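**Q** Structure file entry_12.cif (mmCIF, C-alpha atoms) right here:
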```
data_protein
#
loop_
_atom_site.label_atom_id
_atom_site.label_comp_id
_atom_site.auth_asym_id
_atom_site.auth_seq_id
_atom_site.Cartn_x
_atom_site.Cartn_y
_atom_site.Cartn_z
CA MET A 8 -21.70 -107.28 -9.69
CA LEU A 9 -20.74 -103.62 -9.39
CA PHE A 10 -19.57 -101.53 -12.32
CA ASN A 11 -18.71 -97.94 -13.12
CA ILE A 12 -21.42 -96.33 -15.31
CA SER A 13 -18.83 -93.88 -16.63
CA SER A 14 -17.15 -96.78 -18.43
CA LEU A 15 -20.23 -97.46 -20.57
CA PRO A 16 -20.06 -96.25 -24.19
CA ALA A 17 -21.88 -92.96 -24.78
CA GLN A 18 -24.07 -94.63 -27.41
CA LEU A 19 -25.25 -97.21 -24.89
CA LEU A 20 -26.09 -94.55 -22.31
CA LEU A 21 -28.06 -92.62 -24.93
CA LEU A 22 -29.94 -95.78 -25.87
CA ALA A 23 -30.75 -96.42 -22.23
CA ALA A 24 -32.03 -92.87 -21.79
CA THR A 25 -34.11 -93.17 -24.95
CA THR A 26 -35.57 -96.50 -23.85
CA ALA A 27 -36.37 -95.22 -20.35
CA SER A 28 -38.59 -92.47 -21.70
CA ALA A 29 -39.75 -94.22 -24.86
CA THR A 30 -43.33 -94.86 -23.76
CA LEU A 31 -44.33 -91.41 -22.50
CA GLN A 32 -46.42 -90.40 -25.47
CA ILE A 33 -47.86 -87.31 -27.07
CA VAL A 34 -51.34 -88.28 -28.28
CA PRO A 35 -52.70 -85.64 -30.69
CA GLY A 36 -56.37 -84.80 -30.21
CA ALA A 37 -56.69 -86.62 -26.88
CA THR A 38 -57.77 -85.41 -23.45
CA TRP A 39 -54.61 -84.22 -21.67
CA THR A 40 -55.17 -84.18 -17.91
CA ALA A 41 -53.00 -81.74 -15.95
CA THR A 42 -51.03 -83.53 -13.25
CA ASN A 43 -52.33 -81.39 -10.37
CA THR A 44 -55.86 -80.36 -11.40
CA GLY A 45 -57.43 -83.55 -12.72
CA THR A 46 -58.93 -81.52 -15.59
CA HIS A 47 -58.12 -81.10 -19.28
CA VAL A 48 -55.24 -78.71 -19.97
CA GLN A 49 -56.62 -75.26 -20.84
CA ALA A 50 -53.87 -73.52 -22.85
CA HIS A 51 -55.30 -72.96 -26.32
CA GLY A 52 -53.62 -70.80 -28.97
CA ALA A 53 -50.51 -71.43 -26.91
CA GLY A 54 -46.83 -70.61 -27.17
CA ILE A 55 -43.92 -72.37 -25.49
CA ILE A 56 -40.94 -70.79 -23.75
CA LYS A 57 -38.13 -72.93 -22.33
CA VAL A 58 -36.31 -71.77 -19.19
CA GLY A 59 -33.47 -74.05 -18.17
CA SER A 60 -34.72 -77.60 -18.67
CA THR A 61 -38.40 -76.70 -18.14
CA TYR A 62 -40.93 -75.95 -20.84
CA TYR A 63 -43.71 -73.47 -20.07
CA MET A 64 -46.90 -73.58 -22.13
CA ILE A 65 -48.87 -70.33 -22.04
CA GLY A 66 -52.32 -70.24 -23.59
CA GLU A 67 -56.01 -69.38 -23.41
CA ASP A 68 -58.41 -70.74 -20.81
CA LYS A 69 -61.58 -71.78 -22.69
CA THR A 70 -63.25 -73.51 -19.75
CA ASN A 71 -66.34 -71.29 -20.02
CA GLY A 72 -66.30 -70.49 -23.74
CA SER A 73 -64.82 -67.79 -25.95
CA ALA A 74 -64.86 -64.76 -23.63
CA PHE A 75 -61.61 -64.03 -21.80
CA GLN A 76 -61.11 -65.87 -18.53
CA ASN A 77 -57.37 -66.40 -17.95
CA VAL A 78 -54.02 -66.63 -19.65
CA ASN A 79 -52.85 -69.92 -18.16
CA CYS A 80 -49.36 -71.29 -17.66
CA TYR A 81 -48.38 -74.96 -17.40
CA SER A 82 -44.93 -76.50 -16.94
CA SER A 83 -43.31 -79.73 -18.11
CA THR A 84 -39.85 -81.23 -18.40
CA ASN A 85 -40.81 -83.84 -21.02
CA LEU A 86 -43.60 -82.25 -23.15
CA VAL A 87 -46.03 -84.97 -22.03
CA GLU A 88 -46.85 -84.37 -18.36
CA TRP A 89 -48.15 -80.82 -17.77
CA THR A 90 -48.59 -79.19 -14.37
CA TYR A 91 -50.75 -76.11 -13.89
CA VAL A 92 -48.64 -73.30 -12.41
CA GLY A 93 -51.02 -70.35 -12.47
CA ALA A 94 -52.63 -67.54 -14.45
CA LEU A 95 -50.45 -64.78 -15.90
CA LEU A 96 -53.53 -62.58 -16.36
CA SER A 97 -57.15 -63.01 -15.26
CA GLN A 98 -60.42 -61.28 -16.03
CA THR A 99 -60.82 -57.82 -14.52
CA SER A 100 -64.00 -55.84 -13.85
CA SER A 101 -63.60 -53.64 -16.94
CA GLY A 102 -61.23 -52.61 -19.72
CA ASP A 103 -59.34 -54.79 -22.20
CA LEU A 104 -59.40 -57.76 -19.81
CA GLY A 105 -62.98 -57.24 -18.65
CA PRO A 106 -66.10 -59.37 -19.16
CA ASN A 107 -67.03 -60.45 -22.69
CA ARG A 108 -63.64 -59.46 -24.07
CA VAL A 109 -61.45 -61.39 -26.54
CA VAL A 110 -57.88 -62.26 -25.48
CA GLU A 111 -56.25 -64.76 -27.82
CA ARG A 112 -52.93 -66.37 -28.82
CA PRO A 113 -50.74 -65.25 -25.89
CA LYS A 114 -47.01 -65.53 -26.51
CA VAL A 115 -44.10 -64.79 -24.13
CA ILE A 116 -40.45 -63.95 -24.80
CA TYR A 117 -37.68 -62.87 -22.43
CA ASN A 118 -35.86 -59.55 -22.75
CA ASP A 119 -32.24 -60.07 -21.74
CA SER A 120 -31.62 -56.34 -21.25
CA THR A 121 -34.62 -55.42 -19.10
CA LYS A 122 -34.77 -58.86 -17.41
CA LYS A 123 -38.52 -58.91 -18.04
CA TYR A 124 -40.78 -61.53 -19.57
CA VAL A 125 -42.94 -59.82 -22.20
CA LEU A 126 -46.38 -61.14 -23.15
CA TYR A 127 -48.19 -60.20 -26.36
CA MET A 128 -51.80 -61.17 -27.09
CA HIS A 129 -54.65 -60.35 -29.46
CA ILE A 130 -57.06 -57.91 -27.77
CA ASP A 131 -60.54 -57.38 -29.16
CA SER A 132 -64.22 -56.79 -28.55
CA SER A 133 -66.68 -59.67 -28.80
CA SER A 134 -67.47 -58.50 -32.36
CA TYR A 135 -63.77 -58.47 -33.32
CA GLY A 136 -64.04 -54.79 -34.18
CA GLU A 137 -60.91 -53.46 -32.43
CA ALA A 138 -58.09 -55.69 -33.74
CA LYS A 139 -55.32 -54.66 -31.33
CA VAL A 140 -52.32 -56.17 -29.58
CA GLY A 141 -52.06 -56.14 -25.81
CA VAL A 142 -48.78 -56.14 -23.88
CA ALA A 143 -48.00 -57.30 -20.34
CA THR A 144 -44.77 -57.83 -18.42
CA GLY A 145 -43.67 -60.15 -15.64
CA ASN A 146 -40.63 -60.76 -13.47
CA SER A 147 -40.96 -64.55 -13.65
CA VAL A 148 -42.12 -66.70 -16.53
CA CYS A 149 -45.19 -68.11 -14.80
CA GLY A 150 -45.83 -65.38 -12.25
CA SER A 151 -48.38 -62.58 -12.20
CA TYR A 152 -48.01 -60.15 -15.12
CA THR A 153 -48.75 -56.42 -15.22
CA TYR A 154 -50.93 -55.35 -18.12
CA GLN A 155 -49.37 -52.40 -19.98
CA GLY A 156 -52.17 -51.60 -22.46
CA SER A 157 -53.11 -52.19 -26.10
CA PHE A 158 -52.53 -50.60 -29.50
CA GLN A 159 -52.72 -51.20 -33.24
CA PRO A 160 -49.11 -51.79 -34.41
CA LEU A 161 -48.00 -48.99 -36.73
CA GLY A 162 -51.69 -48.07 -37.00
CA PHE A 163 -52.70 -51.35 -38.66
CA GLN A 164 -55.18 -54.03 -37.58
CA SER A 165 -53.81 -56.98 -35.64
CA ARG A 166 -55.69 -60.21 -34.98
CA ASP A 167 -53.90 -63.58 -34.84
CA LEU A 168 -50.32 -63.02 -33.72
CA GLY A 169 -47.05 -64.66 -32.84
CA LEU A 170 -43.66 -63.61 -31.47
CA PHE A 171 -40.17 -64.47 -32.65
CA LYS A 172 -36.87 -63.74 -30.91
CA ASP A 173 -33.83 -63.99 -33.16
CA ASP A 174 -30.33 -65.14 -32.20
CA ASP A 175 -29.09 -61.54 -31.80
CA GLY A 176 -31.85 -60.71 -29.30
CA SER A 177 -33.97 -58.68 -31.72
CA ALA A 178 -37.66 -59.56 -31.48
CA TYR A 179 -40.54 -59.46 -33.94
CA LEU A 180 -44.31 -59.35 -33.86
CA LEU A 181 -46.01 -61.62 -36.39
CA THR A 182 -49.44 -60.17 -37.03
CA GLU A 183 -52.44 -60.74 -39.29
CA ASP A 184 -53.66 -57.42 -40.69
CA ARG A 185 -57.02 -58.30 -42.26
CA ALA A 186 -56.99 -55.33 -44.63
CA ASN A 187 -53.46 -55.78 -45.95
CA GLY A 188 -52.03 -59.22 -45.20
CA LEU A 189 -49.54 -60.91 -42.88
CA ARG A 190 -46.88 -58.71 -41.31
CA ILE A 191 -43.52 -59.09 -39.61
CA ASP A 192 -42.86 -56.02 -37.43
CA GLN A 193 -39.69 -55.42 -35.45
CA LEU A 194 -40.15 -54.62 -31.77
CA SER A 195 -38.41 -51.88 -29.82
CA SER A 196 -35.36 -52.81 -27.74
CA ASP A 197 -37.54 -53.23 -24.62
CA TYR A 198 -40.08 -55.31 -26.64
CA LEU A 199 -42.96 -53.09 -25.45
CA SER A 200 -43.79 -51.44 -28.78
CA VAL A 201 -43.35 -51.84 -32.53
CA SER A 202 -40.50 -49.87 -34.10
CA LYS A 203 -40.78 -50.63 -37.81
CA SER A 204 -42.21 -52.90 -40.49
CA THR A 205 -39.92 -55.72 -41.64
CA TYR A 206 -42.03 -57.59 -44.22
CA LEU A 207 -45.59 -57.76 -45.54
CA TRP A 208 -47.26 -60.62 -47.41
CA SER A 209 -50.36 -59.50 -49.28
CA ASP A 210 -51.74 -63.03 -48.82
CA SER A 211 -54.53 -63.69 -46.32
CA ILE A 212 -52.68 -65.81 -43.75
CA GLU A 213 -53.32 -66.03 -39.98
CA ALA A 214 -52.03 -68.09 -37.02
CA PRO A 215 -48.38 -67.14 -37.74
CA ALA A 216 -45.37 -68.89 -36.20
CA ILE A 217 -41.67 -68.66 -37.13
CA LEU A 218 -38.92 -71.25 -36.76
CA LYS A 219 -35.27 -70.54 -37.49
CA ARG A 220 -33.24 -73.60 -38.47
CA GLN A 221 -29.72 -73.74 -39.93
CA GLY A 222 -29.85 -70.15 -41.11
CA THR A 223 -33.28 -70.39 -42.75
CA TYR A 224 -36.46 -68.79 -41.43
CA TYR A 225 -39.71 -70.74 -41.77
CA MET A 226 -43.02 -68.89 -41.46
CA PHE A 227 -45.98 -71.19 -40.80
CA GLY A 228 -49.58 -70.06 -41.03
CA SER A 229 -53.18 -70.85 -41.80
CA HIS A 230 -55.63 -69.71 -44.43
CA LEU A 231 -58.67 -67.79 -43.18
CA THR A 232 -61.54 -70.24 -42.63
CA GLY A 233 -62.80 -69.17 -39.19
CA TRP A 234 -62.78 -71.95 -36.60
CA ASP A 235 -62.69 -74.60 -39.35
CA PRO A 236 -59.31 -76.15 -40.24
CA ASN A 237 -57.60 -75.93 -43.63
CA ASP A 238 -54.36 -77.00 -45.29
CA ASN A 239 -51.86 -74.83 -43.40
CA VAL A 240 -48.80 -73.55 -45.27
CA TYR A 241 -45.21 -72.37 -44.83
CA SER A 242 -42.77 -70.01 -46.55
CA THR A 243 -38.97 -69.76 -46.25
CA ALA A 244 -36.31 -67.06 -46.44
CA THR A 245 -32.71 -66.43 -45.37
CA SER A 246 -33.65 -62.95 -44.10
CA LEU A 247 -36.75 -61.82 -42.26
CA SER A 248 -37.01 -58.95 -44.73
CA GLY A 249 -37.22 -61.43 -47.60
CA PRO A 250 -37.42 -62.45 -50.29
CA TRP A 251 -39.76 -65.19 -49.06
CA SER A 252 -40.66 -68.28 -51.06
CA ALA A 253 -44.14 -69.12 -52.31
CA TRP A 254 -46.43 -70.75 -49.75
CA LYS A 255 -46.45 -74.57 -49.67
CA THR A 256 -48.42 -77.14 -47.71
CA PHE A 257 -46.55 -79.38 -45.26
CA ALA A 258 -49.21 -81.90 -44.15
CA ASP A 259 -51.05 -84.27 -46.48
CA VAL A 260 -53.02 -82.23 -49.01
CA GLY A 261 -56.72 -82.30 -48.19
CA SER A 262 -56.14 -83.38 -44.57
CA ASN A 263 -56.81 -79.86 -43.24
CA THR A 264 -53.51 -80.20 -41.37
CA TYR A 265 -55.01 -83.26 -39.66
CA SER A 266 -57.93 -81.09 -38.46
CA SER A 267 -55.80 -78.46 -36.75
CA GLN A 268 -54.46 -74.91 -36.97
CA THR A 269 -50.92 -73.70 -36.28
CA ASN A 270 -50.22 -72.03 -32.94
CA TYR A 271 -46.46 -72.53 -32.40
CA ILE A 272 -43.39 -74.31 -33.81
CA LEU A 273 -41.07 -75.68 -31.11
CA PRO A 274 -37.43 -76.55 -31.89
CA LEU A 275 -36.48 -80.10 -30.85
CA GLY A 276 -32.89 -81.14 -31.47
CA ASP A 277 -32.17 -80.66 -35.17
CA GLY A 278 -35.89 -80.74 -35.95
CA ALA A 279 -39.07 -79.18 -34.65
CA VAL A 280 -42.56 -79.93 -33.38
CA TYR A 281 -45.70 -78.50 -34.94
CA MET A 282 -48.12 -77.38 -32.23
CA GLY A 283 -51.68 -76.84 -33.36
CA ASP A 284 -55.19 -76.48 -32.00
CA ARG A 285 -58.10 -78.72 -32.96
CA TRP A 286 -60.88 -76.22 -32.34
CA VAL A 287 -64.42 -77.28 -31.42
CA SER A 288 -66.24 -74.01 -32.00
CA SER A 289 -69.54 -75.24 -30.54
CA ASN A 290 -67.83 -76.09 -27.24
CA LEU A 291 -64.38 -74.49 -27.05
CA MET A 292 -63.60 -76.11 -23.70
CA ARG A 293 -63.30 -79.47 -25.47
CA SER A 294 -60.80 -78.24 -28.06
CA THR A 295 -57.65 -80.35 -28.08
CA TYR A 296 -54.00 -80.14 -29.11
CA VAL A 297 -52.44 -81.62 -32.24
CA TRP A 298 -48.67 -81.81 -31.78
CA LEU A 299 -46.67 -83.63 -34.45
CA PRO A 300 -42.99 -83.86 -35.43
CA LEU A 301 -41.85 -81.99 -38.53
CA THR A 302 -39.44 -83.56 -41.03
CA PHE A 303 -36.91 -81.44 -42.95
CA SER A 304 -35.25 -82.24 -46.28
CA GLY A 305 -33.16 -79.22 -47.18
CA THR A 306 -35.68 -76.42 -46.73
CA THR A 307 -38.68 -78.61 -47.56
CA VAL A 308 -40.93 -79.39 -44.61
CA SER A 309 -43.33 -82.30 -44.28
CA MET A 310 -45.49 -83.63 -41.48
CA ALA A 311 -46.97 -87.10 -41.17
CA ASN A 312 -49.93 -87.96 -38.99
CA TYR A 313 -49.36 -90.13 -35.92
CA VAL A 314 -51.92 -91.51 -33.50
CA ASN A 315 -49.21 -91.30 -30.85
CA TRP A 316 -45.48 -90.62 -30.73
CA THR A 317 -42.73 -90.34 -28.17
CA PRO A 318 -40.52 -87.26 -27.70
CA ASN A 319 -37.11 -87.51 -26.05
CA VAL A 320 -36.26 -83.95 -25.07
CA SER A 321 -32.86 -84.81 -23.56
CA ALA A 322 -31.71 -86.39 -26.82
CA GLY A 323 -33.63 -83.98 -29.06
CA THR A 324 -35.22 -86.91 -30.89
CA TRP A 325 -38.58 -88.58 -31.34
CA ALA A 326 -39.97 -91.96 -32.35
CA ALA A 327 -43.29 -93.39 -33.44
CA GLY A 328 -45.50 -94.76 -30.70
CA PRO A 329 -44.70 -98.18 -29.20
CA GLY A 330 -46.47 -101.46 -29.81
CA GLU A 331 -49.51 -101.92 -27.58
CA THR A 332 -51.75 -104.52 -26.02
CA GLN A 333 -55.44 -103.61 -26.15
CA PRO A 334 -57.49 -105.25 -23.39
CA GLU A 335 -61.23 -104.83 -23.98
CA ALA A 336 -63.41 -103.48 -21.17
CA GLU A 337 -66.14 -106.08 -21.76
CA ALA A 338 -63.56 -108.82 -21.11
CA ALA A 339 -62.44 -107.24 -17.83
CA THR A 340 -64.03 -107.63 -14.37
CA ILE A 341 -67.19 -105.52 -14.23
CA ALA A 342 -68.58 -104.79 -10.75
CA ASN A 343 -70.82 -102.66 -8.54
CA GLY A 344 -73.49 -101.87 -11.10
CA ALA A 345 -71.30 -101.25 -14.14
CA LYS A 346 -72.65 -103.06 -17.20
CA THR A 347 -71.93 -103.74 -20.86
CA LEU A 348 -73.56 -101.51 -23.47
CA SER A 349 -73.92 -101.70 -27.22
CA CYS A 350 -71.42 -99.37 -28.92
CA SER A 351 -71.25 -99.43 -32.71
CA GLY A 352 -68.09 -97.31 -32.78
CA CYS A 353 -66.20 -99.38 -30.22
CA SER A 354 -63.61 -101.96 -31.22
CA GLY A 355 -65.71 -104.89 -30.04
CA SER A 356 -69.07 -103.15 -30.61
CA THR A 357 -69.41 -103.11 -26.83
CA SER A 358 -68.44 -100.72 -24.05
CA VAL A 359 -68.76 -100.78 -20.28
CA GLY A 360 -70.97 -98.04 -18.86
CA TYR A 361 -72.43 -96.99 -15.52
CA ILE A 362 -68.92 -96.42 -14.22
CA GLY A 363 -69.15 -94.77 -10.80
CA GLY A 364 -72.50 -93.51 -9.57
CA SER A 365 -73.78 -94.12 -6.07
CA SER A 366 -72.77 -97.80 -6.21
CA GLY A 367 -69.24 -97.13 -7.46
CA GLY A 368 -69.46 -99.10 -10.70
CA SER A 369 -66.03 -100.23 -11.82
CA VAL A 370 -64.08 -102.08 -14.47
CA THR A 371 -60.87 -103.88 -13.51
CA PHE A 372 -58.27 -104.97 -16.04
CA SER A 373 -56.12 -107.68 -14.45
CA SER A 374 -52.90 -109.33 -15.59
CA VAL A 375 -52.25 -106.54 -18.07
CA SER A 376 -49.07 -107.29 -19.98
CA SER A 377 -46.28 -104.80 -20.71
CA ASN A 378 -42.53 -104.90 -21.21
CA ALA A 379 -42.24 -101.19 -20.37
CA ALA A 380 -41.01 -101.21 -16.79
CA THR A 381 -40.99 -97.42 -16.60
CA LYS A 382 -43.35 -94.47 -16.56
CA SER A 383 -45.53 -94.88 -19.61
CA SER A 384 -48.64 -93.52 -21.31
CA ILE A 385 -51.80 -95.61 -21.44
CA ARG A 386 -54.51 -94.53 -23.86
CA ILE A 387 -58.02 -95.02 -22.51
CA LYS A 388 -60.63 -95.29 -25.28
CA TYR A 389 -63.97 -94.02 -24.00
CA LEU A 390 -67.33 -92.35 -24.73
CA ASN A 391 -68.78 -89.26 -23.06
CA GLY A 392 -72.13 -88.06 -24.43
CA ASP A 393 -72.29 -85.02 -22.12
CA SER A 394 -71.32 -81.47 -23.06
CA THR A 395 -68.90 -81.24 -20.12
CA GLN A 396 -65.93 -83.26 -18.93
CA ARG A 397 -66.47 -86.46 -17.02
CA PHE A 398 -63.92 -87.73 -14.55
CA ALA A 399 -62.75 -91.06 -13.17
CA THR A 400 -60.34 -92.32 -10.56
CA VAL A 401 -57.91 -94.61 -12.35
CA THR A 402 -55.74 -96.84 -10.17
CA VAL A 403 -52.73 -98.61 -11.68
CA ASN A 404 -50.83 -101.04 -9.49
CA GLY A 405 -52.22 -99.35 -6.38
CA ALA A 406 -51.48 -95.74 -7.39
CA SER A 407 -54.58 -93.59 -8.08
CA GLN A 408 -55.10 -90.40 -10.02
CA LYS A 409 -58.02 -88.36 -11.30
CA ILE A 410 -58.33 -88.38 -15.09
CA ALA A 411 -60.52 -86.16 -17.29
CA PHE A 412 -62.55 -87.30 -20.28
CA LEU A 413 -63.71 -84.65 -22.75
CA PRO A 414 -67.06 -84.95 -24.53
CA THR A 415 -67.04 -87.21 -27.60
CA ALA A 416 -69.23 -86.93 -30.67
CA GLY A 417 -70.96 -89.21 -33.15
CA GLY A 418 -70.47 -92.42 -31.20
CA THR A 419 -66.74 -92.46 -31.95
CA PRO A 420 -64.57 -93.20 -28.92
CA GLY A 421 -62.08 -90.55 -27.84
CA SER A 422 -58.73 -91.02 -26.14
CA SER A 423 -57.66 -89.86 -22.70
CA VAL A 424 -54.00 -90.12 -21.73
CA LEU A 425 -52.92 -91.72 -18.44
CA ASN A 426 -49.22 -91.49 -17.47
CA VAL A 427 -48.30 -94.20 -14.97
CA ASP A 428 -45.57 -96.51 -13.70
CA LEU A 429 -45.88 -99.94 -15.26
CA LYS A 430 -44.33 -103.27 -14.30
CA SER A 431 -42.68 -105.60 -16.76
CA GLY A 432 -44.70 -108.74 -17.38
CA ALA A 433 -48.38 -109.65 -17.13
CA THR A 434 -48.66 -108.27 -13.58
CA ASN A 435 -50.33 -104.87 -14.06
CA THR A 436 -53.78 -104.05 -12.73
CA VAL A 437 -55.87 -101.08 -13.93
CA VAL A 438 -59.10 -100.11 -12.15
CA ILE A 439 -61.46 -97.39 -13.45
CA THR A 440 -64.23 -96.06 -11.21
CA THR A 441 -65.36 -92.87 -9.45
CA THR A 442 -65.28 -92.20 -5.72
CA ASP A 443 -67.62 -89.20 -5.47
CA GLY A 444 -70.90 -90.61 -6.76
CA THR A 445 -70.61 -89.01 -10.21
CA TRP A 446 -70.74 -90.93 -13.47
CA GLY A 447 -67.50 -91.61 -15.29
CA PRO A 448 -67.12 -92.28 -19.01
CA ASP A 449 -68.14 -95.45 -20.83
CA ILE A 450 -64.99 -97.50 -21.39
CA ASP A 451 -64.20 -99.18 -24.71
CA ARG A 452 -60.68 -100.50 -24.06
CA ILE A 453 -57.24 -99.50 -22.80
CA MET A 454 -54.12 -99.39 -24.97
CA VAL A 455 -51.00 -100.30 -23.00
CA PRO A 456 -47.39 -100.06 -24.26
CA SER A 457 -46.00 -103.54 -24.79
CA SER A 458 -42.46 -102.44 -25.56
#
```
Before we go any further, please render this structure as structure tokens.

**A**
Amino acid sequence: MLFNISSLPAQLLLLAATTASATLQIVPGATWTATNTGTHVQAHGAGIIKVGSTYYMIGEDKTNGSAFQNVNCYSSTNLVEWTYVGALLSQTSSGDLGPNRVVERPKVIYNDSTKKYVLYMHIDSSSYGEAKVGVATGNSVCGSYTYQGSFQPLGFQSRDLGLFKDDDGSAYLLTEDRANGLRIDQLSSDYLSVSKSTYLWSDSIEAPAILKRQGTYYMFGSHLTGWDPNDNVYSTATSLSGPWSAWKTFADVGSNTYSSQTNYILPLGDGAVYMGDRWVSSNLMRSTYVWLPLTFSGTTVSMANYVNWTPNVSAGTWAAGPGETQPEAEAATIANGAKTLSCSGCSGSTSVGYIGGSSGGSVTFSSVSSNAATKSSIRIKYLNGDSTQRFATVTVNGASQKIAFLPTAGGTPGSSVLNVDLKSGATNTVVITTTDGTWGPDIDRIMVPSS
């Protein structure tokens, strides 16, 4: 039977759109594999800029530790699947971007008058003795940028920073001045320098990020505890010049913001998404991303913790993660030298190891049930006792992709996210192995959307 889709009620079309994307999940703290590199996304301390219907995430490359390597750019249309586009800036032989330099918290805004993308970042020596901002410009959001130099804004120290562009096109540098407090400084009309001070908190707050919602400004930030997390806070005002309210927590008190630190606040519909880093100071490459929806009641902000949740960017909404089936690896088909191992932290106290290697050890989950006949996120629970990423080829219903698995700690399984097309019914097959002779992770179980 043929019918005209335009005759369907708008509410039904919205429901269909929501359902179609309902199982692509953001999984805070998991390994996020870039779609075209097969490695964990390296965009720490990141900011987001949206151009058209595409989101661009711009952040620090920590692949080889704390010293500057690249300012990376990734793109996505759904906030879940991220594709590496390129480096805005890369290490040079000397100068601010040279070896053993600190380049942190890159943020990009667009100048409508000059038609330039403007990048600000924290520039410093390895001892953090310079405390400057660096500025670069580009003609395209994810193209190559030209470094313009560094300075201390209005002569004051600047470490953690953020950028905010207001509705009228005026732009502001948010900057932590260790000697005096947290500053909001207005930028010049071309965004390349600071023109004047707008507000100063005497409080010691870093990792600043501003959201404007329904005429109210929200400043989010972190206390100063080094790489360790703390209970992050926010303050509100109806003018950037104040008065600003007293600082309040927004996550559960004592949770240390669910072991994360603010890097950006992204508007989503009538709400917003908190974007934070879960730093691993002993191995910065394995730091992960904690993104969670914010809830607003008047000007009060709260944030619950979710293992997984589903954004719908077209509708500007979100929902808690779907129900899941959880097939255990030890109950799957184990072949080619893979074997069961004792695992006290695993759900069944058993994992399957020796995945890959010269014999191509594998685990095959057959007749996996799901009602989500669409592109969906599977969470793979795993162990990796190395200090570097492991990798596996994961094949779902005949389609293969390379997935990364960050190091885990303390015998507790981590999660790696796999975005795949599922079939409705108990007809899905998931195979995990390696094809290059390397060892993959030990597999605890997979968690598959059932609705």

**Q** Just how far from CA of Phe412 (chain A) is CA of Ile387 (chain A), in Å to one decimal?

**A**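 Spanning CA of Ile387 (chain A) to CA of Phe412 (chain A) is a straight-line distance of 9.2 Å.
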
**Q** Run the PyMOL selection byres ((chain A and resi 292) around 7) mentally over the shown coordinates, then write out the matched residues as a ChimeraX atom specification, using the chain letters and numbers from the document.

**A** /A:69-72,290-291,293-294

**Q** Report, in Å to a single decimal, how far apart CA of Leu199 (chain A) and CA of Ala143 (chain A) are.

**A**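 So the two atoms, CA of Ala143 (chain A) and CA of Leu199 (chain A), lie 8.3 Å apart.
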
**Q** Under the rule that all atoms listed in the file are counted, which of A:Arg220, A:His47, A:Lys203, A:Lys114 is the nearest residue to Val424 (chain A)?

**A** A:His47

**Q** In Å, rounded to a single decimal, give me how far CA of Phe398 (chain A) is from CA of Met282 (chain A).

**A**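 These atoms are spaced 25.9 Å apart.
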
**Q** Using only C-alpha atoms, give me every residue within 6 Å of (-49.8, -78.3, -44.8) in file coordinates, as a CSV table (one decimal) with C-alpha atoms, keeping the file's coordinate frame.

**A**
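File written: result-v6.csv
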```csv
chain,number,residue,atom,x,y,z
A,238,ASP,CA,-54.4,-77.0,-45.3
A,239,ASN,CA,-51.9,-74.8,-43.4
A,240,VAL,CA,-48.8,-73.6,-45.3
A,256,THR,CA,-48.4,-77.1,-47.7
A,257,PHE,CA,-46.6,-79.4,-45.3
A,258,ALA,CA,-49.2,-81.9,-44.2
A,264,THR,CA,-53.5,-80.2,-41.4
```

**Q** Choose the residue, out of A:Gly136, A:Gly66, A:Pro215, A:Gly228, that has the smallest atom-to-atom separation from Cys149 (chain A); count all atoms listed in the file.

**A**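 Of all the options, A:Gly66 lies closest to Cys149 (chain A).
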
**Q** Could you state which residues are captured by the PyMOL selection byres ((chain A and resi 104-112) around 7) in this file, as a list in words?

**A**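 Listing what the PyMOL selection byres ((chain A and resi 104-112) around 7) selects in the shown file: Gly52, Ala53, Gly66, Glu67, Ala74, Phe75, Gln98, Thr99, Ser100, Ser101, Gly102, Asp103, Pro113, Lys114, Met128, His129, Ile130, Asp131, Ser132, Ser133, Asp167 and Leu168 of chain A.
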
**Q** Might you spell out which residues the PyMOL selection byres ((chain A and resi 34) around 9) would select in the displayed file, as a PyMOL selection string?

**A** chain A and resi 32-33+35-39+87+296-298+313-317+386+422-424

**Q** If we count only C-alpha atoms, what is near Ser97 (chain A) at a cut-off of 10 Å, once residues fewer than 6 positions away on the same chain are taken out, given as an MDAnalysis selection string?

**A** chainID A and resid 68 75:79 104:105 151:152

**Q** Point out the residue among A:Ser262, A:Gly352, A:Ala339, A:Leu275 with the least atom-to-atom distance to Ala311 (chain A), counting all atoms listed in the file.

**A**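 For Ala311 (chain A), the nearest of the candidates is A:Ser262.
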
**Q** For Ala336 (chain A), list every protein, DNA or RNA residue within 9 Å, evaluated using all atoms listed in the file, and leave out those in the same chain fewer than 2 positions away; present the list as a PyMOL selection string.

**A** chain A and resi 334+338-341+347+357-359+370-372+450-453

**Q** Do a neighbour search on Ile212 (chain A) at 12 Å with all atoms listed in the file, toss out local chain neighbours closer than 6 positions, and write the hits as number ranges by chain.

**A** A: 166-168, 181-190, 226-233, 237-242, 254, 268-269

**Q** Considering all atoms listed in the file, return as a ChimeraX atom specification whatever protein or nucleic-acid residues lie within 8 Å of Lys172 (chain A), sequence-local ones (same chain, fewer than 6 positions apart) excluded.

**A** /A:116,178-179
